[in-house]
Every structure is written in C-alpha cells, then in structure tokens.
>>> print(open('upload.pdb').read())   # PDB, C-alpha atoms
ATOM      1  CA  MET A 174       0.000   0.000   0.000  1.00  0.00           C
ATOM      2  CA  VAL A 175       1.264   3.482  -0.837  1.00  0.00           C
ATOM      3  CA  TYR A 176       1.300   6.222   1.800  1.00  0.00           C
ATOM      4  CA  GLU A 177       2.236   9.894   1.590  1.00  0.00           C
ATOM      5  CA  ILE A 178       3.462  11.246   4.918  1.00  0.00           C
ATOM      6  CA  MET A 179       4.079  14.947   5.478  1.00  0.00           C
ATOM      7  CA  THR A 180       7.451  15.667   7.113  1.00  0.00           C
ATOM      8  CA  LYS A 181       8.252  18.138   9.896  1.00  0.00           C
ATOM      9  CA  GLY A 182      11.471  19.993  10.663  1.00  0.00           C
ATOM     10  CA  VAL A 183      13.383  18.937   7.533  1.00  0.00           C
ATOM     11  CA  CYS A 184      13.960  20.180   3.990  1.00  0.00           C
ATOM     12  CA  SER A 185      11.817  17.503   2.355  1.00  0.00           C
ATOM     13  CA  ARG A 186       8.078  18.233   2.281  1.00  0.00           C
ATOM     14  CA  SER A 187       6.758  14.687   2.255  1.00  0.00           C
ATOM     15  CA  ILE A 188       7.710  11.047   1.798  1.00  0.00           C
ATOM     16  CA  ILE A 189       5.861   8.611  -0.444  1.00  0.00           C
ATOM     17  CA  ILE A 190       6.312   5.077   0.853  1.00  0.00           C
ATOM     18  CA  ASP A 191       5.129   1.780  -0.619  1.00  0.00           C
ATOM     19  CA  VAL A 192       4.944  -0.944   2.037  1.00  0.00           C
ATOM     20  CA  GLU A 193       3.817  -4.496   1.357  1.00  0.00           C
ATOM     21  CA  GLY A 194       3.749  -7.335   3.867  1.00  0.00           C
ATOM     22  CA  GLY A 195       6.026  -5.562   6.341  1.00  0.00           C
ATOM     23  CA  THR A 196       8.620  -4.782   3.671  1.00  0.00           C
ATOM     24  CA  VAL A 197       9.524  -1.408   2.167  1.00  0.00           C
ATOM     25  CA  ARG A 198       8.978  -1.676  -1.578  1.00  0.00           C
ATOM     26  CA  SER A 199       9.877   1.906  -2.528  1.00  0.00           C
ATOM     27  CA  VAL A 200      10.472   5.356  -1.042  1.00  0.00           C
ATOM     28  CA  ARG A 201      10.433   8.781  -2.674  1.00  0.00           C
ATOM     29  CA  PHE A 202      11.176  12.054  -0.884  1.00  0.00           C
ATOM     30  CA  ASN A 203       9.581  15.258  -2.182  1.00  0.00           C
ATOM     31  CA  GLY A 204      12.252  17.911  -1.714  1.00  0.00           C
ATOM     32  CA  GLY A 205      15.331  17.659   0.457  1.00  0.00           C
ATOM     33  CA  CYS A 206      18.913  16.957  -0.552  1.00  0.00           C
ATOM     34  CA  SER A 207      18.407  14.985  -3.756  1.00  0.00           C
ATOM     35  CA  GLY A 208      21.491  12.772  -3.617  1.00  0.00           C
ATOM     36  CA  ASN A 209      21.071  11.904   0.042  1.00  0.00           C
ATOM     37  CA  THR A 210      17.357  11.192  -0.141  1.00  0.00           C
ATOM     38  CA  GLN A 211      17.764   9.084  -3.293  1.00  0.00           C
ATOM     39  CA  GLY A 212      20.535   7.140  -1.569  1.00  0.00           C
ATOM     40  CA  ILE A 213      18.407   6.487   1.502  1.00  0.00           C
ATOM     41  CA  ALA A 214      15.466   5.460  -0.678  1.00  0.00           C
ATOM     42  CA  HIS A 215      17.535   2.922  -2.622  1.00  0.00           C
ATOM     43  CA  LEU A 216      19.204   1.514   0.480  1.00  0.00           C
ATOM     44  CA  VAL A 217      15.937   0.728   2.269  1.00  0.00           C
ATOM     45  CA  GLU A 218      14.132  -0.856  -0.709  1.00  0.00           C
ATOM     46  CA  GLY A 219      13.388  -4.495   0.073  1.00  0.00           C
ATOM     47  CA  MET A 220      14.237  -4.024   3.753  1.00  0.00           C
ATOM     48  CA  PRO A 221      11.824  -5.027   6.543  1.00  0.00           C
ATOM     49  CA  VAL A 222       9.999  -2.046   8.059  1.00  0.00           C
ATOM     50  CA  ASP A 223      11.314  -2.852  11.555  1.00  0.00           C
ATOM     51  CA  GLU A 224      14.909  -2.907  10.296  1.00  0.00           C
ATOM     52  CA  VAL A 225      14.543   0.512   8.642  1.00  0.00           C
ATOM     53  CA  ILE A 226      13.040   1.975  11.817  1.00  0.00           C
ATOM     54  CA  SER A 227      15.817   0.473  13.934  1.00  0.00           C
ATOM     55  CA  ARG A 228      18.611   1.807  11.710  1.00  0.00           C
ATOM     56  CA  LEU A 229      17.272   5.314  10.992  1.00  0.00           C
ATOM     57  CA  LYS A 230      15.332   6.387  14.086  1.00  0.00           C
ATOM     58  CA  GLY A 231      16.980   9.244  15.974  1.00  0.00           C
ATOM     59  CA  ILE A 232      19.402  10.406  13.264  1.00  0.00           C
ATOM     60  CA  LYS A 233      19.769  14.197  13.384  1.00  0.00           C
ATOM     61  CA  CYS A 234      20.687  16.697  10.678  1.00  0.00           C
ATOM     62  CA  GLY A 235      22.983  19.392  12.042  1.00  0.00           C
ATOM     63  CA  MET A 236      21.297  21.275  14.864  1.00  0.00           C
ATOM     64  CA  LYS A 237      17.836  20.007  13.902  1.00  0.00           C
ATOM     65  CA  GLY A 238      16.192  17.510  16.211  1.00  0.00           C
ATOM     66  CA  THR A 239      15.400  15.255  13.258  1.00  0.00           C
ATOM     67  CA  SER A 240      16.507  14.413   9.712  1.00  0.00           C
ATOM     68  CA  CYS A 241      15.065  12.954   6.532  1.00  0.00           C
ATOM     69  CA  PRO A 242      16.128   9.419   7.599  1.00  0.00           C
ATOM     70  CA  ASP A 243      14.540   9.986  11.032  1.00  0.00           C
ATOM     71  CA  GLN A 244      11.358  11.290   9.378  1.00  0.00           C
ATOM     72  CA  LEU A 245      11.260   8.111   7.274  1.00  0.00           C
ATOM     73  CA  ALA A 246      11.600   5.998  10.428  1.00  0.00           C
ATOM     74  CA  GLN A 247       8.839   7.984  12.128  1.00  0.00           C
ATOM     75  CA  ALA A 248       6.597   7.628   9.058  1.00  0.00           C
ATOM     76  CA  LEU A 249       7.148   3.877   8.958  1.00  0.00           C
ATOM     77  CA  GLN A 250       6.356   3.658  12.671  1.00  0.00           C
ATOM     78  CA  LYS A 251       3.017   5.431  12.025  1.00  0.00           C
ATOM     79  CA  ILE A 252       2.263   3.118   9.106  1.00  0.00           C
ATOM     80  CA  LYS A 253       3.106   0.094  11.239  1.00  0.00           C
ATOM     81  CA  GLU A 254       0.792   1.272  14.036  1.00  0.00           C
ATOM     82  CA  GLN A 255      -2.058   1.816  11.538  1.00  0.00           C
ATOM     83  CA  THR A 256      -1.705  -1.632   9.998  1.00  0.00           C
ATOM     84  CA  ASP A 257      -1.137  -3.730  13.142  1.00  0.00           C
TER      85      ASP A 257
END
>>> encode(input="upload.pdb", output="structure tokens")
Amino acid sequence: MVYEIMTKGVCSRSIIIDVEGGTVRSVRFNGGCSGNTQGIAHLVEGMPVDEVISRLKGIKCGMKGTSCPDQLAQALQKIKEQTD
C-alpha cells in the first residue's frame, strides 16, 4: 500500500512510501537533498519495516532535532501502528 506522509522539521516536504507485507517496496522524498534522499530510498528498498526503523530512528541533521532518515523511520512507525 502506498502512503504519503508529510514531514516536519526537515527540507523535504513529504515522503511517499510503498509498504507491502512488512517490507519497504519503494520510497520517494519530495524535496530535500536529492542525492542523500535518493541514496536512503535505494538503500531501504526491500528491507523489513522494523529494520529501517531500527537503523534510521533518531538520526539528526545538524542542529535540527530530526533528519530525513529519522522522518522516514517515524513515518514507517506510524504506518506500522495503523496496519497492526
């Protein structure tokens, strides 16, 4: 199922995430640092949702309290809570 989650506190505006059977099928960030967000998106494809959350949760960008990877982890946590 495809979800669009609005981000907070980062350069990207939203994240479009396709999750199927507890696995991340694809990720696309709208906005943000193009190379970094594309890299993150490709790295997590095919990865279990729980693994992505575990690896990315809490990562900060500079002085911000969050980052695009952290926002992805938070989005996946919300998706997981909705589907459990």
>>> resolve_selection(input="upload.pdb", expression="the PyMOL selection byres ((chain A and resi 189) around 10)", output="list in words")
Val175, Tyr176, Glu177, Ile178, Met179, Ser187, Ile188, Ile190, Asp191, Val192, Ser199, Val200, Arg201, Phe202, Asn203, Leu245 and Ala248 of chain A
>>> closest_residue(input="upload.pdb", among="A:Leu229, A:Val222, A:Ile252, A:Cys241", to="A:Gly195", atoms="all atoms listed in the file")
A:Val222
>>> atom_distance(input="upload.pdb", atom1="atom CA of A:Gly212", atom2="atom CA of A:Asp257")
28.4 Å
>>> closest_residue(input="upload.pdb", among="A:Lys181, A:Met174, A:Met236, A:Pro242", to="A:Cys206", atoms="all atoms listed in the file")
A:Pro242
>>> closest_residue(input="upload.pdb", among="A:Val197, A:Gly182, A:Gln244, A:Thr256", to="A:Met220", atoms="all atoms listed in the file")
A:Val197
>>> axis_aligned_box(input="upload.pdb", around="stretch 226-245 of chain A", padding_each_side="6 Å", output="AutoDock Vina command-line options")
--center_x 17.1 --center_y 10.9 --center_z 11.4 --size_x 23.7 --size_y 32.8 --size_z 21.7
>>> closest_residue(input="upload.pdb", among="A:Thr180, A:Gln255, A:Gln247, A:Thr196", to="A:Gly219", atoms="only C-alpha atoms")
A:Thr196
>>> atom_distance(input="upload.pdb", atom1="atom CA of A:Asp243", atom2="atom CA of A:Val225")
9.8 Å
>>> closest_residue(input="upload.pdb", among="A:Lys253, A:His215, A:Gly194, A:Val183", to="A:Lys233", atoms="all atoms listed in the file")
A:Val183
>>> atom_distance(input="upload.pdb", atom1="atom CA of A:Glu193", atom2="atom CA of A:Gly208")
25.2 Å
>>> closest_residue(input="upload.pdb", among="A:Gly205, A:Lys230, A:Thr239, A:Glu224", to="A:Cys184", atoms="only C-alpha atoms")
A:Gly205
>>> build_atoms(input="upload.pdb", residues="stretch 220-246 of chain A", atoms="N, CA, C and O atoms", output="mmCIF file, in the frame of the given file")
data_model
loop_
_atom_site.group_PDB
_atom_site.id
_atom_site.type_symbol
_atom_site.label_atom_id
_atom_site.label_comp_id
_atom_site.auth_asym_id
_atom_site.auth_seq_id
_atom_site.Cartn_x
_atom_site.Cartn_y
_atom_site.Cartn_z
ATOM 1 N N MET A 220 13.881 -3.828 2.347
ATOM 2 C CA MET A 220 14.237 -4.024 3.753
ATOM 3 C C MET A 220 12.962 -4.132 4.606
ATOM 4 O O MET A 220 11.985 -3.438 4.339
ATOM 5 N N PRO A 221 12.971 -4.975 5.632
ATOM 6 C CA PRO A 221 11.824 -5.027 6.543
ATOM 7 C C PRO A 221 11.614 -3.681 7.237
ATOM 8 O O PRO A 221 12.585 -2.998 7.598
ATOM 9 N N VAL A 222 10.348 -3.316 7.425
ATOM 10 C CA VAL A 222 9.999 -2.046 8.059
ATOM 11 C C VAL A 222 10.700 -1.889 9.402
ATOM 12 O O VAL A 222 11.269 -0.841 9.702
ATOM 13 N N ASP A 223 10.692 -2.928 10.223
ATOM 14 C CA ASP A 223 11.314 -2.852 11.555
ATOM 15 C C ASP A 223 12.810 -2.570 11.478
ATOM 16 O O ASP A 223 13.359 -1.859 12.313
ATOM 17 N N GLU A 224 13.469 -3.130 10.478
ATOM 18 C CA GLU A 224 14.909 -2.907 10.296
ATOM 19 C C GLU A 224 15.188 -1.450 9.927
ATOM 20 O O GLU A 224 16.122 -0.831 10.441
ATOM 21 N N VAL A 225 14.378 -0.890 9.040
ATOM 22 C CA VAL A 225 14.543 0.512 8.642
ATOM 23 C C VAL A 225 14.350 1.420 9.855
ATOM 24 O O VAL A 225 15.163 2.314 10.107
ATOM 25 N N ILE A 226 13.301 1.168 10.618
ATOM 26 C CA ILE A 226 13.040 1.975 11.817
ATOM 27 C C ILE A 226 14.224 1.891 12.769
ATOM 28 O O ILE A 226 14.718 2.910 13.259
ATOM 29 N N SER A 227 14.704 0.686 13.008
ATOM 30 C CA SER A 227 15.817 0.473 13.934
ATOM 31 C C SER A 227 17.092 1.207 13.496
ATOM 32 O O SER A 227 17.791 1.801 14.318
ATOM 33 N N ARG A 228 17.377 1.194 12.216
ATOM 34 C CA ARG A 228 18.611 1.807 11.710
ATOM 35 C C ARG A 228 18.552 3.332 11.604
ATOM 36 O O ARG A 228 19.562 4.002 11.767
ATOM 37 N N LEU A 229 17.354 3.888 11.309
ATOM 38 C CA LEU A 229 17.272 5.314 10.992
ATOM 39 C C LEU A 229 16.696 6.193 12.099
ATOM 40 O O LEU A 229 16.917 7.408 12.088
ATOM 41 N N LYS A 230 15.979 5.603 13.031
ATOM 42 C CA LYS A 230 15.332 6.387 14.086
ATOM 43 C C LYS A 230 16.367 7.132 14.927
ATOM 44 O O LYS A 230 17.364 6.565 15.352
ATOM 45 N N GLY A 231 16.126 8.437 15.111
ATOM 46 C CA GLY A 231 16.980 9.244 15.974
ATOM 47 C C GLY A 231 18.135 9.940 15.284
ATOM 48 O O GLY A 231 18.858 10.711 15.915
ATOM 49 N N ILE A 232 18.331 9.713 13.985
ATOM 50 C CA ILE A 232 19.402 10.406 13.264
ATOM 51 C C ILE A 232 19.039 11.886 13.156
ATOM 52 O O ILE A 232 17.912 12.232 12.842
ATOM 53 N N LYS A 233 20.005 12.749 13.437
ATOM 54 C CA LYS A 233 19.769 14.197 13.384
ATOM 55 C C LYS A 233 20.552 14.814 12.234
ATOM 56 O O LYS A 233 21.580 14.313 11.828
ATOM 57 N N CYS A 234 20.040 15.939 11.743
ATOM 58 C CA CYS A 234 20.687 16.697 10.678
ATOM 59 C C CYS A 234 21.156 18.025 11.273
ATOM 60 O O CYS A 234 20.329 18.903 11.554
ATOM 61 N N GLY A 235 22.446 18.164 11.461
ATOM 62 C CA GLY A 235 22.983 19.392 12.042
ATOM 63 C C GLY A 235 22.377 19.666 13.403
ATOM 64 O O GLY A 235 22.332 18.791 14.259
ATOM 65 N N MET A 236 21.872 20.876 13.583
ATOM 66 C CA MET A 236 21.297 21.275 14.864
ATOM 67 C C MET A 236 19.797 20.939 14.949
ATOM 68 O O MET A 236 19.172 21.187 15.967
ATOM 69 N N LYS A 237 19.249 20.384 13.892
ATOM 70 C CA LYS A 237 17.836 20.007 13.902
ATOM 71 C C LYS A 237 17.647 18.787 14.808
ATOM 72 O O LYS A 237 18.539 17.969 14.954
ATOM 73 N N GLY A 238 16.480 18.654 15.357
ATOM 74 C CA GLY A 238 16.192 17.510 16.211
ATOM 75 C C GLY A 238 15.789 16.267 15.444
ATOM 76 O O GLY A 238 15.472 15.240 16.030
ATOM 77 N N THR A 239 15.815 16.356 14.119
ATOM 78 C CA THR A 239 15.400 15.255 13.258
ATOM 79 C C THR A 239 16.182 15.327 11.957
ATOM 80 O O THR A 239 17.074 16.156 11.800
ATOM 81 N N SER A 240 15.867 14.444 11.033
ATOM 82 C CA SER A 240 16.507 14.413 9.712
ATOM 83 C C SER A 240 15.561 13.698 8.760
ATOM 84 O O SER A 240 14.555 13.109 9.182
ATOM 85 N N CYS A 241 15.889 13.693 7.484
ATOM 86 C CA CYS A 241 15.065 12.954 6.532
ATOM 87 C C CYS A 241 15.044 11.449 6.854
ATOM 88 O O CYS A 241 13.978 10.839 6.834
ATOM 89 N N PRO A 242 16.192 10.826 7.198
ATOM 90 C CA PRO A 242 16.128 9.419 7.599
ATOM 91 C C PRO A 242 15.257 9.202 8.843
ATOM 92 O O PRO A 242 14.476 8.245 8.904
ATOM 93 N N ASP A 243 15.362 10.089 9.825
ATOM 94 C CA ASP A 243 14.540 9.986 11.032
ATOM 95 C C ASP A 243 13.067 10.162 10.693
ATOM 96 O O ASP A 243 12.210 9.441 11.224
ATOM 97 N N GLN A 244 12.745 11.085 9.787
ATOM 98 C CA GLN A 244 11.358 11.290 9.378
ATOM 99 C C GLN A 244 10.819 10.042 8.674
ATOM 100 O O GLN A 244 9.661 9.677 8.855
ATOM 101 N N LEU A 245 11.661 9.364 7.903
ATOM 102 C CA LEU A 245 11.260 8.111 7.274
ATOM 103 C C LEU A 245 10.961 7.065 8.342
ATOM 104 O O LEU A 245 9.947 6.372 8.269
ATOM 105 N N ALA A 246 11.828 6.954 9.336
ATOM 106 C CA ALA A 246 11.600 5.998 10.428
ATOM 107 C C ALA A 246 10.302 6.311 11.165
ATOM 108 O O ALA A 246 9.514 5.410 11.460
#
